[in-house]
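K.L.:
After the structure tokens below, expect a handful of questions from me.
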Amino acid sequence: MNALSLHNIDKYYENGAHAVKGLNLDINRGEFIVVVGPSGCGKSTTLRMIAGFEKVTNGEIKVNDKFVNDLEPMKRGMSMVFQSYALYPYMTVYENIAFPLKMRNMRKDEIKRKVEEAAEVVNVTPYLKRKPGQLSGGQRQRVALARAMVANTAICLMDEPLSNLDAALRTGMRREIKKLHQRLQNTIVYVTHDQVEAMTLGTRIVVMKDGMIQQIDTPQNIYEKPANSFVASFIGNPQMNICTASVIKEGKQVKLLFGGEDLTLPPQTADMLERQNYVNKDILIGFRATDVLYEEGFVAEVEHVELLGNEQHVKANWNGQQVSLQAPSSMPIDKAVSFSINLDKLHFFDSDTEERIC
Amino acid sequence: MDEVVATAKYETPQVQTKEAPTFLQIVKKTARHILLILFSVITAFPFLWMLVSAIKTTDEIWKFPPSFWPAEPQWQNFIEAWNSAPFGLYMFNSLFTATAIVLFQIFSAAMMAYALTQFRFKGQKFLFASILAIYMLPAASTYVPSYVILSKLNMLDSYQGMIISNAVSVFGIFFIRQAFMQVPKEMVEAAKVDGASHWTILWKVLLPMTKSSFLTFSLISFVQMFNNYLWPSLILKSQDKYLITMGLRQFFIEGGAYGIKWPLVMAANVFAVVPLLLLFFVAQKWFIKGINDRGVKG
């Protein structure tokens, strides 16, 4: 039985915008699902439909196999953490955390025990008597987490909870959230536009674009086997380099031809492309900035170098196309850089559908 | 903080030495002040005149040229005025009905504003437009239908009639709706997801978040209801139901003998405004805040 299922979900707004298109997603109990995508991809709308804040135009949402489309948010038995924390400014931290328990008419001593326990876990015990206005952003988000935690719901929704925090706090809070999930073992649906959060938190990642799911998989598979060129370029920093190439066959060898250069493909990849009739056709190839070797080979003109301590990101012009390369910071980089591509790590996409070939 | 200021003083002495104002600036500033003083006096003068007239004799009131302060203040005018009509009862009637009306108005305005801001239903925009349209109507145009309704409900000449006929304030609905719209929607959503009912969200989330608007509205409405004269004088007939406004009018005709006893009329007026003055002194922060925040004109 799935903790949460979304079947053929469509969402049209009153202005006619088609925000979510035919979305299907089954979430198992205890999973940490991260929905990631650029602004306007429909990820927040999806979350708001799960919470019950937005009506579903078509399709069905089920919680524990029960149809909940028409159920009001208060009756869905979920908790939620918001980007803006959504703490009540006139209540103390204690009252904020206790709010969901009070709504369940829990006994006072029980509430006290649970609030203190949750406050302890997220380290806000010293601030229980303060108002949210007297706390820092990180502390406020901890309180919001504690509030979601005490509710002890089977499903917890998180809408970009770390977006308002600075980089250092984000890293710390990421760890806290991960620990909390391991401790509570509840189902979490987490929406973010930050691929680092997606990669580090999710047991599975859902990548969305233009209201449609592009791929649902584990972080590793999403990174190593992106389903299409969008996922390939969206996940990973720096972005995956994607360029057009032609597949040609010279004798028994299958080669990739691009920008006047050619590459002989390993037999297994060559077979695959040949079997799928890509010989004498254009395809998209992708390689990550890390999957290059700095040796005699292709030559690219260096345009920009960013030094990041132990590594450097190089933006270079390679046959009229901009590529990103990652090199150790000890490597001297001048006006040009020579590199070769690790052929085992090449990704191939159909040039029309942009779907993964192999 | 002190240190920073001190440093700034030391480093930028030119900030401290203001340039002498030009002649034109002095003239402008003086003109502005004269105008403000003039308008303040014009506004406050009737009130001050009422205060001093209350302790004058009738002759002193009619004396020409008038004197501002009486030769001998007639403090007993207040006691005499208070004893010559049941002002205590009138005052109670006004305070009681105004308080009840304000409570009803807060309740109805909050409920209506909640529906208008938190629910989505067909005809919502039309409903709000109708409410605004009613706000534009002159109050007097509703007197006849309201009178007929009250008479059919057998509520003429009763506190209930007075309270029920004022139980809904269109201005209140509009004012509280605007306040609710300022509340971040995540606050309401967070409460919903935590299991709060609409009732709880209204009174435990939205009300505390918009407390200042509720207070401002209550004050404005209370003053209006306390000062209300025309409508109560149409529906209340028995003297024991009279509001202070009607009581004053009655006193002017009878006890004040159509202006023959001006000092007593003035003294009665003075204690009639005392509750409002007290209220204003206690709550002036909210009055000013509410008016500044929302650009409300009394």
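Residue numbering restarts at 1 for every chain of the structure tokens, chains are lettered A, B, ... in their displayed order, and ligands are numbered from 1 as they appear.
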Could you list, with a cut-off of 10 Å and counting only C-alpha atoms, the residues of chain B near chain A, each shown with its nearest atom pair and the distance in Å rounded to one decimal, rows sorted by chain and ascending number, as a tab-separated table?

P.N.:
residue	atom	partner	partner_atom	distance
B:Pro184	CA	A:Ala86	CA	8.2
B:Lys185	CA	A:Ala86	CA	8.8
B:Glu186	CA	A:Ala86	CA	5.6
B:Met187	CA	A:Ala86	CA	5.1
B:Val188	CA	A:Ala86	CA	8.5
B:Glu189	CA	A:Phe53	CA	7.3
B:Ala190	CA	A:Ala86	CA	6.5
B:Ala191	CA	A:Pro100	CA	7.8
B:Lys192	CA	A:Met74	CA	4.9
B:Val193	CA	A:Met74	CA	5.0
B:Asp194	CA	A:Pro100	CA	4.7
B:Gly195	CA	A:Met74	CA	4.1
B:Ala196	CA	A:Met103	CA	5.7
B:Ser197	CA	A:Met74	CA	7.0
B:His198	CA	A:Met74	CA	9.3
B:Thr200	CA	A:Met103	CA	8.8
B:Lys204	CA	A:Tyr88	CA	9.8
B:Val205	CA	A:Tyr88	CA	7.5
B:Leu206	CA	A:Tyr88	CA	9.9
B:Pro208	CA	A:Tyr90	CA	7.0
B:Met209	CA	A:Tyr90	CA	7.4

K.L.:
Could you take the residues named above and write them with all heavy atoms, as a short mmCIF file (atom, residue, chain, number, x, y, z; two decimals), in the first residue's frame?

P.N.:
data_model
loop_
_atom_site.label_atom_id
_atom_site.label_comp_id
_atom_site.auth_asym_id
_atom_site.auth_seq_id
_atom_site.Cartn_x
_atom_site.Cartn_y
_atom_site.Cartn_z
N PRO B 184 -0.49 36.95 5.67
CA PRO B 184 0.11 36.01 4.71
C PRO B 184 -0.70 34.71 4.66
O PRO B 184 -1.08 34.19 5.71
CB PRO B 184 1.50 35.75 5.30
CG PRO B 184 1.77 36.86 6.23
CD PRO B 184 0.44 37.36 6.72
N LYS B 185 -0.94 34.22 3.45
CA LYS B 185 -1.83 33.06 3.33
C LYS B 185 -1.22 31.81 3.97
O LYS B 185 -1.94 30.91 4.38
CB LYS B 185 -2.23 32.82 1.88
CG LYS B 185 -1.12 32.35 0.99
CD LYS B 185 -1.67 31.96 -0.37
CE LYS B 185 -0.55 31.35 -1.15
NZ LYS B 185 -0.33 31.58 -2.46
N GLU B 186 0.11 31.80 4.12
CA GLU B 186 0.75 30.63 4.75
C GLU B 186 0.29 30.45 6.20
O GLU B 186 0.24 29.34 6.70
CB GLU B 186 2.28 30.75 4.75
CG GLU B 186 2.94 30.57 3.41
CD GLU B 186 3.06 31.87 2.67
OE1 GLU B 186 2.53 32.90 3.16
OE2 GLU B 186 3.67 31.89 1.59
N MET B 187 0.00 31.59 6.87
CA MET B 187 -0.45 31.52 8.27
C MET B 187 -1.73 30.70 8.36
O MET B 187 -1.89 29.85 9.23
CB MET B 187 -0.75 32.93 8.78
CG MET B 187 0.45 33.77 8.92
SD MET B 187 1.39 33.22 10.32
CE MET B 187 2.83 34.19 10.11
N VAL B 188 -2.65 31.01 7.45
CA VAL B 188 -3.93 30.32 7.45
C VAL B 188 -3.73 28.87 7.01
O VAL B 188 -4.29 27.94 7.60
CB VAL B 188 -4.91 31.05 6.50
CG1 VAL B 188 -6.21 30.28 6.38
CG2 VAL B 188 -5.16 32.46 6.99
N GLU B 189 -2.88 28.68 6.01
CA GLU B 189 -2.64 27.32 5.51
C GLU B 189 -1.98 26.45 6.59
O GLU B 189 -2.31 25.28 6.74
CB GLU B 189 -1.78 27.37 4.25
CG GLU B 189 -2.56 27.94 3.08
CD GLU B 189 -1.73 28.11 1.82
OE1 GLU B 189 -0.49 27.99 1.90
OE2 GLU B 189 -2.32 28.39 0.76
N ALA B 190 -1.03 27.06 7.32
CA ALA B 190 -0.36 26.31 8.38
C ALA B 190 -1.38 25.85 9.42
O ALA B 190 -1.35 24.70 9.87
CB ALA B 190 0.71 27.18 9.04
N ALA B 191 -2.31 26.75 9.76
CA ALA B 191 -3.33 26.39 10.74
C ALA B 191 -4.23 25.28 10.20
O ALA B 191 -4.58 24.34 10.91
CB ALA B 191 -4.16 27.61 11.10
N LYS B 192 -4.58 25.40 8.91
CA LYS B 192 -5.45 24.38 8.30
C LYS B 192 -4.79 23.02 8.37
O LYS B 192 -5.41 22.03 8.76
CB LYS B 192 -5.70 24.73 6.84
CG LYS B 192 -6.80 25.72 6.62
CD LYS B 192 -7.03 25.90 5.13
CE LYS B 192 -8.03 27.01 4.88
NZ LYS B 192 -8.08 27.37 3.47
N VAL B 193 -3.53 22.97 7.97
CA VAL B 193 -2.85 21.69 7.90
C VAL B 193 -2.65 21.12 9.31
O VAL B 193 -2.58 19.91 9.50
CB VAL B 193 -1.53 21.85 7.09
CG1 VAL B 193 -0.36 22.12 7.94
CG2 VAL B 193 -1.30 20.64 6.21
N ASP B 194 -2.58 22.00 10.30
CA ASP B 194 -2.44 21.53 11.68
C ASP B 194 -3.77 21.07 12.27
O ASP B 194 -3.84 20.70 13.44
CB ASP B 194 -1.85 22.63 12.57
CG ASP B 194 -0.35 22.78 12.35
OD1 ASP B 194 0.25 21.82 11.85
OD2 ASP B 194 0.19 23.85 12.67
N GLY B 195 -4.83 21.19 11.48
CA GLY B 195 -6.10 20.64 11.93
C GLY B 195 -7.06 21.66 12.51
O GLY B 195 -8.07 21.28 13.11
N ALA B 196 -6.77 22.96 12.33
CA ALA B 196 -7.67 23.98 12.88
C ALA B 196 -8.92 24.10 12.01
O ALA B 196 -8.83 24.06 10.79
CB ALA B 196 -6.95 25.32 12.95
N SER B 197 -10.07 24.28 12.67
CA SER B 197 -11.32 24.46 11.91
C SER B 197 -11.40 25.91 11.44
O SER B 197 -10.62 26.76 11.87
CB SER B 197 -12.50 24.16 12.82
OG SER B 197 -12.49 25.08 13.89
N HIS B 198 -12.36 26.20 10.57
CA HIS B 198 -12.51 27.58 10.10
C HIS B 198 -12.77 28.53 11.27
O HIS B 198 -12.28 29.64 11.32
CB HIS B 198 -13.66 27.66 9.09
CG HIS B 198 -13.34 26.98 7.80
ND1 HIS B 198 -12.31 27.38 6.99
CD2 HIS B 198 -13.88 25.90 7.20
CE1 HIS B 198 -12.24 26.58 5.94
NE2 HIS B 198 -13.18 25.67 6.03
N THR B 200 -11.78 28.19 14.37
CA THR B 200 -10.54 28.42 15.10
C THR B 200 -9.62 29.35 14.31
O THR B 200 -8.98 30.23 14.89
CB THR B 200 -9.80 27.08 15.34
OG1 THR B 200 -10.74 26.15 15.86
CG2 THR B 200 -8.64 27.22 16.27
N LYS B 204 -8.59 32.44 16.31
CA LYS B 204 -7.30 32.21 16.95
C LYS B 204 -6.11 32.56 16.06
O LYS B 204 -4.98 32.61 16.53
CB LYS B 204 -7.19 30.74 17.38
CG LYS B 204 -8.23 30.33 18.41
CD LYS B 204 -7.55 29.87 19.70
CE LYS B 204 -8.54 29.70 20.82
NZ LYS B 204 -8.93 28.33 21.04
N VAL B 205 -6.35 32.73 14.76
CA VAL B 205 -5.24 33.08 13.88
C VAL B 205 -5.46 34.47 13.28
O VAL B 205 -4.65 35.38 13.46
CB VAL B 205 -5.05 32.03 12.75
CG1 VAL B 205 -3.94 32.45 11.79
CG2 VAL B 205 -4.76 30.66 13.34
N LEU B 206 -6.59 34.65 12.57
CA LEU B 206 -6.80 35.92 11.88
C LEU B 206 -7.05 37.07 12.85
O LEU B 206 -6.50 38.16 12.67
CB LEU B 206 -7.94 35.79 10.88
CG LEU B 206 -7.60 34.95 9.65
CD1 LEU B 206 -8.84 34.69 8.80
CD2 LEU B 206 -6.55 35.65 8.79
N PRO B 208 -6.07 37.56 16.09
CA PRO B 208 -4.85 38.10 16.73
C PRO B 208 -3.90 38.75 15.73
O PRO B 208 -3.19 39.69 16.08
CB PRO B 208 -4.19 36.86 17.34
CG PRO B 208 -5.18 35.78 17.30
CD PRO B 208 -6.20 36.11 16.29
N MET B 209 -3.90 38.27 14.49
CA MET B 209 -3.00 38.86 13.49
C MET B 209 -3.47 40.25 13.07
O MET B 209 -2.69 41.03 12.54
CB MET B 209 -2.94 37.98 12.23
CG MET B 209 -2.31 36.62 12.41
SD MET B 209 -0.53 36.65 12.54
CE MET B 209 -0.06 37.12 10.90
#

K.L.:
Need the shell around B:Ala109: protein/DNA/RNA residues with any atom at most 6 Å away, counting only C-alpha atoms. Skip same-chain ones fewer than 4 positions apart. Format as number ranges by chain?

P.N.:
B: 105, 113, 172-173

K.L.:
Return as a ChimeraX atom specification the full set of residues in stretch 16-53 of chain A whose backbone-based DSSP assignment is alpha helix (DSSP H).

P.N.:
/A:43-51

K.L.:
List the spatial neighbours of B:Gln224 as a ChimeraX atom specification - criterion: any atom at most 12 Å away, only C-alpha atoms, same-chain residues fewer than 6 positions off excluded.

P.N.:
/B:94-95,97-99,101-102,166,169,171,217-218,230-231,245,276,298

K.L.:
Restricting it to all heavy atoms, dump the selection as a short mmCIF file (atom, residue, chain, number, x, y, z; two decimals), in the first residue's frame.

P.N.:
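Result saved to again-v4.cif:
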data_model
loop_
_atom_site.label_atom_id
_atom_site.label_comp_id
_atom_site.auth_asym_id
_atom_site.auth_seq_id
_atom_site.Cartn_x
_atom_site.Cartn_y
_atom_site.Cartn_z
N SER B 94 -27.02 54.51 26.18
CA SER B 94 -26.08 54.72 25.07
C SER B 94 -24.90 53.77 25.16
O SER B 94 -24.52 53.13 24.17
CB SER B 94 -25.56 56.15 25.07
OG SER B 94 -26.52 56.99 24.54
N LEU B 95 -24.33 53.69 26.36
CA LEU B 95 -23.15 52.83 26.52
C LEU B 95 -23.51 51.37 26.28
O LEU B 95 -22.79 50.64 25.59
CB LEU B 95 -22.56 52.98 27.93
CG LEU B 95 -21.88 54.32 28.22
CD1 LEU B 95 -21.50 54.42 29.69
CD2 LEU B 95 -20.64 54.50 27.36
N THR B 97 -26.15 50.06 24.51
CA THR B 97 -26.48 49.72 23.11
C THR B 97 -25.23 49.83 22.23
O THR B 97 -25.00 48.97 21.39
CB THR B 97 -27.59 50.62 22.54
OG1 THR B 97 -27.21 51.96 22.74
CG2 THR B 97 -28.93 50.32 23.16
N ALA B 98 -24.41 50.87 22.46
CA ALA B 98 -23.21 51.02 21.62
C ALA B 98 -22.29 49.82 21.79
O ALA B 98 -21.76 49.28 20.81
CB ALA B 98 -22.48 52.31 21.97
N THR B 99 -22.10 49.38 23.04
CA THR B 99 -21.22 48.23 23.28
C THR B 99 -21.78 46.97 22.61
O THR B 99 -21.06 46.24 21.91
CB THR B 99 -21.07 47.97 24.80
OG1 THR B 99 -20.70 49.20 25.41
CG2 THR B 99 -20.03 46.92 25.09
N ILE B 101 -23.85 46.77 20.11
CA ILE B 101 -23.79 46.91 18.65
C ILE B 101 -22.38 46.62 18.15
O ILE B 101 -22.20 45.89 17.18
CB ILE B 101 -24.26 48.33 18.22
CG1 ILE B 101 -25.77 48.45 18.40
CG2 ILE B 101 -23.87 48.61 16.77
CD1 ILE B 101 -26.30 49.85 18.28
N VAL B 102 -21.39 47.19 18.85
CA VAL B 102 -20.00 46.97 18.43
C VAL B 102 -19.68 45.47 18.46
O VAL B 102 -19.07 44.94 17.52
CB VAL B 102 -19.02 47.78 19.31
CG1 VAL B 102 -17.59 47.32 19.10
CG2 VAL B 102 -19.14 49.26 19.00
N ASN B 166 -28.60 47.70 13.85
CA ASN B 166 -27.23 48.18 13.60
C ASN B 166 -26.21 47.04 13.67
O ASN B 166 -25.00 47.30 13.70
CB ASN B 166 -26.84 49.22 14.65
CG ASN B 166 -27.48 50.57 14.36
OD1 ASN B 166 -27.20 51.18 13.34
ND2 ASN B 166 -28.36 51.00 15.24
N SER B 169 -22.25 46.08 10.01
CA SER B 169 -21.68 47.32 9.49
C SER B 169 -20.97 47.01 8.16
O SER B 169 -20.04 46.21 8.11
CB SER B 169 -20.68 47.89 10.49
OG SER B 169 -19.78 48.76 9.84
N PHE B 171 -19.22 49.05 6.46
CA PHE B 171 -17.86 49.58 6.58
C PHE B 171 -16.97 48.56 7.32
O PHE B 171 -15.83 48.32 6.93
CB PHE B 171 -17.90 50.91 7.34
CG PHE B 171 -16.55 51.36 7.83
CD1 PHE B 171 -15.59 51.78 6.94
CD2 PHE B 171 -16.26 51.34 9.20
CE1 PHE B 171 -14.33 52.17 7.41
CE2 PHE B 171 -15.02 51.73 9.65
CZ PHE B 171 -14.06 52.15 8.77
N PHE B 217 -11.60 49.54 14.35
CA PHE B 217 -12.99 49.49 13.90
C PHE B 217 -13.94 49.62 15.10
O PHE B 217 -14.94 50.34 15.03
CB PHE B 217 -13.26 48.21 13.12
CG PHE B 217 -14.71 47.96 12.90
CD1 PHE B 217 -15.46 48.85 12.14
CD2 PHE B 217 -15.36 46.88 13.47
CE1 PHE B 217 -16.81 48.67 11.96
CE2 PHE B 217 -16.72 46.70 13.31
CZ PHE B 217 -17.45 47.59 12.55
N SER B 218 -13.62 48.92 16.18
CA SER B 218 -14.49 48.98 17.36
C SER B 218 -14.62 50.41 17.86
O SER B 218 -15.71 50.87 18.19
CB SER B 218 -13.92 48.13 18.50
OG SER B 218 -13.68 46.85 18.06
N LEU B 230 -30.29 60.43 14.74
CA LEU B 230 -31.48 60.42 13.90
C LEU B 230 -32.23 59.08 13.95
O LEU B 230 -33.43 59.04 14.24
CB LEU B 230 -31.08 60.76 12.45
CG LEU B 230 -32.23 61.11 11.52
CD1 LEU B 230 -33.09 62.21 12.11
CD2 LEU B 230 -31.70 61.50 10.15
N TRP B 231 -31.51 58.00 13.69
CA TRP B 231 -32.16 56.68 13.65
C TRP B 231 -32.76 56.29 15.02
O TRP B 231 -33.94 55.96 15.08
CB TRP B 231 -31.17 55.64 13.13
CG TRP B 231 -31.68 54.23 13.14
CD1 TRP B 231 -31.17 53.19 13.83
CD2 TRP B 231 -32.82 53.71 12.43
NE1 TRP B 231 -31.89 52.05 13.61
CE2 TRP B 231 -32.93 52.35 12.75
CE3 TRP B 231 -33.78 54.28 11.59
CZ2 TRP B 231 -33.93 51.53 12.25
CZ3 TRP B 231 -34.78 53.46 11.08
CH2 TRP B 231 -34.85 52.11 11.42
N THR B 245 -27.96 61.14 23.27
CA THR B 245 -28.16 62.16 22.24
C THR B 245 -29.60 62.67 22.27
O THR B 245 -29.86 63.86 22.18
CB THR B 245 -27.86 61.57 20.84
OG1 THR B 245 -28.46 60.29 20.76
CG2 THR B 245 -26.38 61.47 20.59
N LEU B 276 -16.58 59.53 25.76
CA LEU B 276 -15.82 59.49 24.50
C LEU B 276 -14.40 60.03 24.70
O LEU B 276 -13.44 59.50 24.15
CB LEU B 276 -16.53 60.29 23.42
CG LEU B 276 -17.86 59.72 22.94
CD1 LEU B 276 -18.37 60.51 21.75
CD2 LEU B 276 -17.71 58.26 22.56
N GLY B 298 -12.96 58.96 9.46
CA GLY B 298 -14.00 58.79 10.45
C GLY B 298 -15.29 58.38 9.84
O GLY B 298 -16.27 58.06 10.14
#
